[in-house]
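Undergrad: Would you mind keeping the following structure in view while I ask a few things?
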Amino acid sequence: MESVPYDKRSGKIWFNGAPVNWSDVKIHVLSHGLHYASCVFEGERVYDGEIFKLEEHTERLFHSASRMGFKIPYSQELLNKATKDIVAIQKIKNGYVRPVAWRGSEMMAISAQQTKINVAIAAWEWGPYYDINKGIRLNISKWKRPAPDTIPWDTKASGLYMICTLSKHEAEQQGFTDSLMFDFQGNIAEATGANIFFKNKSGELHTPIADSFLNGITRRCVIDIAKSKGIKIFERKIKPEEMIDFVGCFLTGTAAEVTPVSQIDKYKFTVCDLIKDLSKSYQALVRKKTAA
Ligand code: PMP
């Protein structure tokens with residue numbers, strides 16, 4: 001399955017109002033979304049046939065669109081139902097859902113006021129993104145998260161992912177799995193598609209304030225889980241030099257789930273019981289089992 005390109009797969013994709021044959025969902029090369037990144041998307045996971053936090057993801061898709069100055073021409077309720085329908089049609093048990101909305105081909109210039117907004121929802125069977133039992137290794141990106149007054153930073157707008165792909169490719173070329181990005185002031189921000197947490201010697205968790213990057217849905221879930229376990233958690237500005245004092249580290253994200261980190265550049269971390277336990281509790285939550 002992995003080797004089949006995404007445009008050559010089979011089944012249906014919900015496209016502008018109805019399920020359409022996978023191979024018939026085509027957009028023209030002169031699409032505004034492609035040229036000017038007037039495009040927003042979501043990433044959702046299906047666990048045991050249920051979409052985790054579907055309403056929150058749909059809400060964020062609408063928030064992203066609104067921050068990009070366009071209006072999705074459907075209600076959130078309709079898109080929630082369309083997402084469930086496409087997951088059922090595709091018979092997804094454990095997988096991934098990708099809703100996307102973009103400006104069409106009616107105008108091909110910076111100004112795009114009259115473009116039609118297109119929406120598609122695709123779903124496919126998918127397993128873990130990283131090995132959640134083993135720590136992954138990160139480099140430090142040469143790219144910084146943009147300042148909050150330079151781009152709609154609190155969204156999943158396609159344009160924000162330019163630097164993520166550049167950073168990820170550089171990391172992979174250097175033999176790392178992912179990349180840690182700093183914010184525009186040089187504080188620790190996040191990885192290329194996931195938020196970051198650190199554990200100190202006293203067993204406290206420290207995570208950067210989401211004031212120039214996505215406040216992930218998984219991040220918020222994990223903060224709640226940690227609080228329910230009585231773990232002290234601090235959201236604050238974290239300087240890169242502080243990594244020397246942290247003993248544990250993990251990433252959170254819909255795709256990444258709770259993934260331990262064993263190394264960032266020269267800093268080493270252990271995959272400790274607290275992180276393994278948080279990861280297990282997150283797995284229990286997404287599958288609605290009683291938290292371990
Ligand atoms: N940051 C970035 C850049 C991401 O792409 C993601 C994945 N959506 C996250 C953080 C984590 O967000 P979430 O937990 O909502 O998936």
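By order in the structure tokens, chains are A, B, ...; within a chain, residues start at 1; ligands start at 1, following the order shown.
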Pick out each residue of segment 151-188 of chain A that DSSP on the backbone tags as strand (DSSP E or B); I need them as a PyMOL selection string.

TA: chain A and resi 157+178-182+188

Undergrad: Kindly export the residues of the current selection with N, CA and C atoms, as a PDB file, in the first residue's frame.

TA:
ATOM      1  N   ALA A 157      -2.400  26.268   7.636  1.00  0.00           N
ATOM      2  CA  ALA A 157      -2.390  26.836   6.289  1.00  0.00           C
ATOM      3  C   ALA A 157      -1.168  26.261   5.577  1.00  0.00           C
ATOM      4  N   ASP A 178      13.713  13.899  12.580  1.00  0.00           N
ATOM      5  CA  ASP A 178      12.923  15.126  12.484  1.00  0.00           C
ATOM      6  C   ASP A 178      13.784  16.307  12.920  1.00  0.00           C
ATOM      7  N   SER A 179      13.161  17.469  12.966  1.00  0.00           N
ATOM      8  CA  SER A 179      13.914  18.694  13.201  1.00  0.00           C
ATOM      9  C   SER A 179      13.212  19.541  14.258  1.00  0.00           C
ATOM     10  N   LEU A 180      14.004  20.129  15.150  1.00  0.00           N
ATOM     11  CA  LEU A 180      13.456  21.062  16.138  1.00  0.00           C
ATOM     12  C   LEU A 180      13.594  22.474  15.587  1.00  0.00           C
ATOM     13  N   MET A 181      12.488  23.202  15.622  1.00  0.00           N
ATOM     14  CA  MET A 181      12.514  24.574  15.115  1.00  0.00           C
ATOM     15  C   MET A 181      12.434  25.560  16.280  1.00  0.00           C
ATOM     16  N   PHE A 182      13.190  26.641  16.182  1.00  0.00           N
ATOM     17  CA  PHE A 182      13.111  27.716  17.169  1.00  0.00           C
ATOM     18  C   PHE A 182      12.100  28.742  16.685  1.00  0.00           C
ATOM     19  N   ILE A 188      12.789  27.724  21.973  1.00  0.00           N
ATOM     20  CA  ILE A 188      12.359  26.445  21.418  1.00  0.00           C
ATOM     21  C   ILE A 188      10.889  26.559  21.022  1.00  0.00           C
TER      22      ILE A 188
END

Undergrad: Just the residues within 9 Å of Val261 of chain A, please, counting only C-alpha atoms, with nothing from its chain fewer than 3 positions along; format it as a VMD selection string.

TA: chain A and resid 134 to 138 248 to 251 264 268 to 271

Undergrad: Using only C-alpha atoms and all ligand atoms, which protein or nucleic acid residues are at most 6 Å from ligand 1, as a list of chain:residue names?

TA: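 Counting only C-alpha atoms and all ligand atoms, the residues within 6 Å of ligand 1 come out as A:Gly43, A:Thr192, A:Gly193, A:Ala194, A:Asn195, A:Leu214, A:Gly216, A:Ile217, A:Thr218, A:Arg219, A:Thr252, A:Gly253, A:Thr254.
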
Undergrad: Go ahead and write the selection's residues with N, CA and C atoms as a CSV table (one decimal), in the first residue's frame.

TA:
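The file below, again.csv, is the result:
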chain,number,residue,atom,x,y,z
A,43,GLY,N,-5.4,17.2,9.7
A,43,GLY,CA,-4.9,15.8,9.8
A,43,GLY,C,-5.6,15.2,10.9
A,192,THR,N,8.6,19.6,13.2
A,192,THR,CA,8.1,20.0,11.9
A,192,THR,C,6.6,19.7,11.7
A,193,GLY,N,6.1,18.8,12.6
A,193,GLY,CA,4.6,18.5,12.5
A,193,GLY,C,4.1,18.0,13.8
A,194,ALA,N,4.7,18.5,14.9
A,194,ALA,CA,4.4,18.1,16.2
A,194,ALA,C,4.9,19.1,17.3
A,195,ASN,N,4.2,19.2,18.4
A,195,ASN,CA,4.6,20.0,19.5
A,195,ASN,C,5.6,19.2,20.4
A,214,LEU,N,1.2,26.2,16.2
A,214,LEU,CA,-0.1,25.6,16.5
A,214,LEU,C,-0.2,25.0,17.9
A,216,GLY,N,-1.5,22.4,19.4
A,216,GLY,CA,-2.0,21.1,18.9
A,216,GLY,C,-3.1,20.5,19.8
A,217,ILE,N,-4.0,19.9,19.1
A,217,ILE,CA,-5.1,19.2,19.9
A,217,ILE,C,-4.5,18.1,20.8
A,218,THR,N,-3.5,17.4,20.2
A,218,THR,CA,-2.8,16.4,21.0
A,218,THR,C,-2.1,17.0,22.2
A,219,ARG,N,-1.4,18.1,22.0
A,219,ARG,CA,-0.7,18.9,23.0
A,219,ARG,C,-1.7,19.1,24.2
A,252,THR,N,4.3,15.6,20.5
A,252,THR,CA,2.8,15.3,20.5
A,252,THR,C,2.2,15.8,19.2
A,253,GLY,N,1.4,15.0,18.6
A,253,GLY,CA,0.7,15.4,17.4
A,253,GLY,C,-0.3,14.3,16.9
A,254,THR,N,-1.2,14.6,16.1
A,254,THR,CA,-2.1,13.6,15.6
A,254,THR,C,-1.4,12.5,15.0

Undergrad: From a DSSP pass on the backbone, collect the residues of segment 116-223 of chain A flagged as helix (DSSP H, G or I) and hand them back as a list of chain:residue names.

TA: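 Restricting segment 116-223 of chain A to helix (DSSP H, G or I) produces A:Ser158, A:Gly159, A:Leu160, A:Tyr161, A:Met162, A:Ile163, A:Cys164, A:Thr165, A:Leu166, A:Ser167, A:Lys168, A:His169, A:Glu170, A:Ala171, A:Glu172, A:Gln173, A:Ile217, A:Thr218, A:Arg219, A:Arg220, A:Cys221, A:Val222, A:Ile223.
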
Undergrad: Quote the spacing between atom CA of Arg287 of chain A and atom CA of Glu55 of chain A in Å to one decimal place.

TA: 16.5 Å

Undergrad: Find the residues near Glu59 of chain A: any atom within 12 Å, counting only C-alpha atoms, skip ones fewer than 6 places away on the same chain, and give them as a PyMOL selection string.

TA: chain A and resi 41-42+53+65-66+72+75-77+79-80+99+155-156+217

Undergrad: List the neighbours of Asp211 of chain A out to 12 Å using only C-alpha atoms; skip same-chain residues closer than 5 positions along the sequence, and give me the result as a PDB file with C-alpha atoms, in the first residue's frame.

TA:
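What landed in out_9.pdb:
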ATOM      1  CA  ARG A 145       8.999  29.714  12.965  1.00  0.00           C
ATOM      2  CA  PRO A 146       7.776  33.044  11.570  1.00  0.00           C
ATOM      3  CA  ALA A 147       6.856  35.862  13.941  1.00  0.00           C
ATOM      4  CA  PRO A 148       3.127  35.963  14.729  1.00  0.00           C
ATOM      5  CA  ASP A 149       2.636  39.218  12.828  1.00  0.00           C
ATOM      6  CA  PRO A 152      -1.583  33.368  10.318  1.00  0.00           C
ATOM      7  CA  TRP A 153       0.546  31.182  12.587  1.00  0.00           C
ATOM      8  CA  ASP A 154      -2.268  29.525  14.584  1.00  0.00           C
ATOM      9  CA  THR A 155      -3.581  27.595  11.570  1.00  0.00           C
ATOM     10  CA  ASP A 183      10.742  30.671  17.171  1.00  0.00           C
ATOM     11  CA  PHE A 184      11.618  34.055  15.692  1.00  0.00           C
ATOM     12  CA  GLN A 185      13.192  35.090  19.033  1.00  0.00           C
ATOM     13  CA  ASN A 187      13.212  30.115  21.877  1.00  0.00           C
ATOM     14  CA  ILE A 188      12.359  26.445  21.418  1.00  0.00           C
ATOM     15  CA  ALA A 189       9.141  26.194  19.370  1.00  0.00           C
ATOM     16  CA  GLU A 190       8.167  22.805  17.918  1.00  0.00           C
ATOM     17  CA  GLY A 216      -2.012  21.132  18.915  1.00  0.00           C
ATOM     18  CA  GLU A 235       3.995  26.432  29.672  1.00  0.00           C
ATOM     19  CA  ARG A 236       6.756  28.987  29.281  1.00  0.00           C
ATOM     20  CA  LYS A 237       9.490  30.381  27.032  1.00  0.00           C
TER      21      LYS A 237
END

Undergrad: Just want the 12 Å neighbourhood of Gly203 of chain A, counted on only C-alpha atoms, with same-chain residues fewer than 3 positions away dropped. Output as a list in words.

TA: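 Counting only the stated atoms, we get Phe198, Lys199, Asn200, His206, Ala226, Lys229, Gly230, Ile231, Lys232, Ile233, Phe234, Asp245, Phe246, Val247, Gly248, Cys249, Cys272, Asp273, Leu274 and Ile275 of chain A.
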
Undergrad: Could you write out the selected residues, including N, CA and C atoms, as a PDB file, in the first residue's frame?

TA:
ATOM      1  N   PHE A 198       9.357  18.739  27.456  1.00  0.00           N
ATOM      2  CA  PHE A 198      10.573  18.275  28.124  1.00  0.00           C
ATOM      3  C   PHE A 198      10.243  17.871  29.551  1.00  0.00           C
ATOM      4  N   LYS A 199      11.032  16.932  30.092  1.00  0.00           N
ATOM      5  CA  LYS A 199      10.907  16.561  31.500  1.00  0.00           C
ATOM      6  C   LYS A 199      12.196  16.929  32.204  1.00  0.00           C
ATOM      7  N   ASN A 200      12.078  17.537  33.401  1.00  0.00           N
ATOM      8  CA  ASN A 200      13.308  17.859  34.139  1.00  0.00           C
ATOM      9  C   ASN A 200      13.587  16.809  35.225  1.00  0.00           C
ATOM     10  N   HIS A 206       7.838  20.663  30.971  1.00  0.00           N
ATOM     11  CA  HIS A 206       7.953  22.044  30.494  1.00  0.00           C
ATOM     12  C   HIS A 206       7.715  22.041  28.986  1.00  0.00           C
ATOM     13  N   ALA A 226      -1.577  14.764  31.826  1.00  0.00           N
ATOM     14  CA  ALA A 226      -0.495  14.982  32.796  1.00  0.00           C
ATOM     15  C   ALA A 226      -1.056  15.593  34.087  1.00  0.00           C
ATOM     16  N   LYS A 229      -2.781  13.238  36.285  1.00  0.00           N
ATOM     17  CA  LYS A 229      -1.867  12.329  36.985  1.00  0.00           C
ATOM     18  C   LYS A 229      -1.084  13.070  38.069  1.00  0.00           C
ATOM     19  N   GLY A 230      -1.367  14.339  38.236  1.00  0.00           N
ATOM     20  CA  GLY A 230      -0.692  15.121  39.266  1.00  0.00           C
ATOM     21  C   GLY A 230       0.713  15.556  38.861  1.00  0.00           C
ATOM     22  N   ILE A 231       0.999  15.477  37.549  1.00  0.00           N
ATOM     23  CA  ILE A 231       2.331  15.913  37.080  1.00  0.00           C
ATOM     24  C   ILE A 231       2.300  17.434  36.942  1.00  0.00           C
ATOM     25  N   LYS A 232       3.322  18.084  37.455  1.00  0.00           N
ATOM     26  CA  LYS A 232       3.400  19.555  37.324  1.00  0.00           C
ATOM     27  C   LYS A 232       3.798  19.905  35.904  1.00  0.00           C
ATOM     28  N   ILE A 233       3.067  20.847  35.306  1.00  0.00           N
ATOM     29  CA  ILE A 233       3.371  21.192  33.921  1.00  0.00           C
ATOM     30  C   ILE A 233       3.443  22.704  33.750  1.00  0.00           C
ATOM     31  N   PHE A 234       4.480  23.146  33.073  1.00  0.00           N
ATOM     32  CA  PHE A 234       4.725  24.582  32.908  1.00  0.00           C
ATOM     33  C   PHE A 234       4.773  24.932  31.424  1.00  0.00           C
ATOM     34  N   ASP A 245      19.692  20.662  30.907  1.00  0.00           N
ATOM     35  CA  ASP A 245      19.131  20.288  32.210  1.00  0.00           C
ATOM     36  C   ASP A 245      17.917  19.358  32.114  1.00  0.00           C
ATOM     37  N   PHE A 246      17.403  19.142  30.910  1.00  0.00           N
ATOM     38  CA  PHE A 246      16.238  18.254  30.777  1.00  0.00           C
ATOM     39  C   PHE A 246      16.694  16.802  30.627  1.00  0.00           C
ATOM     40  N   VAL A 247      15.930  15.890  31.220  1.00  0.00           N
ATOM     41  CA  VAL A 247      16.319  14.469  31.150  1.00  0.00           C
ATOM     42  C   VAL A 247      15.435  13.674  30.187  1.00  0.00           C
ATOM     43  N   GLY A 248      14.247  14.209  29.888  1.00  0.00           N
ATOM     44  CA  GLY A 248      13.335  13.521  28.966  1.00  0.00           C
ATOM     45  C   GLY A 248      12.733  14.493  27.980  1.00  0.00           C
ATOM     46  N   CYS A 249      12.234  13.953  26.876  1.00  0.00           N
ATOM     47  CA  CYS A 249      11.657  14.810  25.831  1.00  0.00           C
ATOM     48  C   CYS A 249      10.687  13.961  25.005  1.00  0.00           C
ATOM     49  N   CYS A 272      11.978   7.585  29.552  1.00  0.00           N
ATOM     50  CA  CYS A 272      11.710   7.184  30.933  1.00  0.00           C
ATOM     51  C   CYS A 272      10.269   6.679  31.104  1.00  0.00           C
ATOM     52  N   ASP A 273       9.994   6.129  32.292  1.00  0.00           N
ATOM     53  CA  ASP A 273       8.670   5.550  32.571  1.00  0.00           C
ATOM     54  C   ASP A 273       7.560   6.585  32.462  1.00  0.00           C
ATOM     55  N   LEU A 274       7.826   7.817  32.914  1.00  0.00           N
ATOM     56  CA  LEU A 274       6.791   8.849  32.873  1.00  0.00           C
ATOM     57  C   LEU A 274       6.323   9.087  31.423  1.00  0.00           C
ATOM     58  N   ILE A 275       7.273   9.133  30.504  1.00  0.00           N
ATOM     59  CA  ILE A 275       6.915   9.385  29.091  1.00  0.00           C
ATOM     60  C   ILE A 275       6.204   8.161  28.505  1.00  0.00           C
TER      61      ILE A 275
END
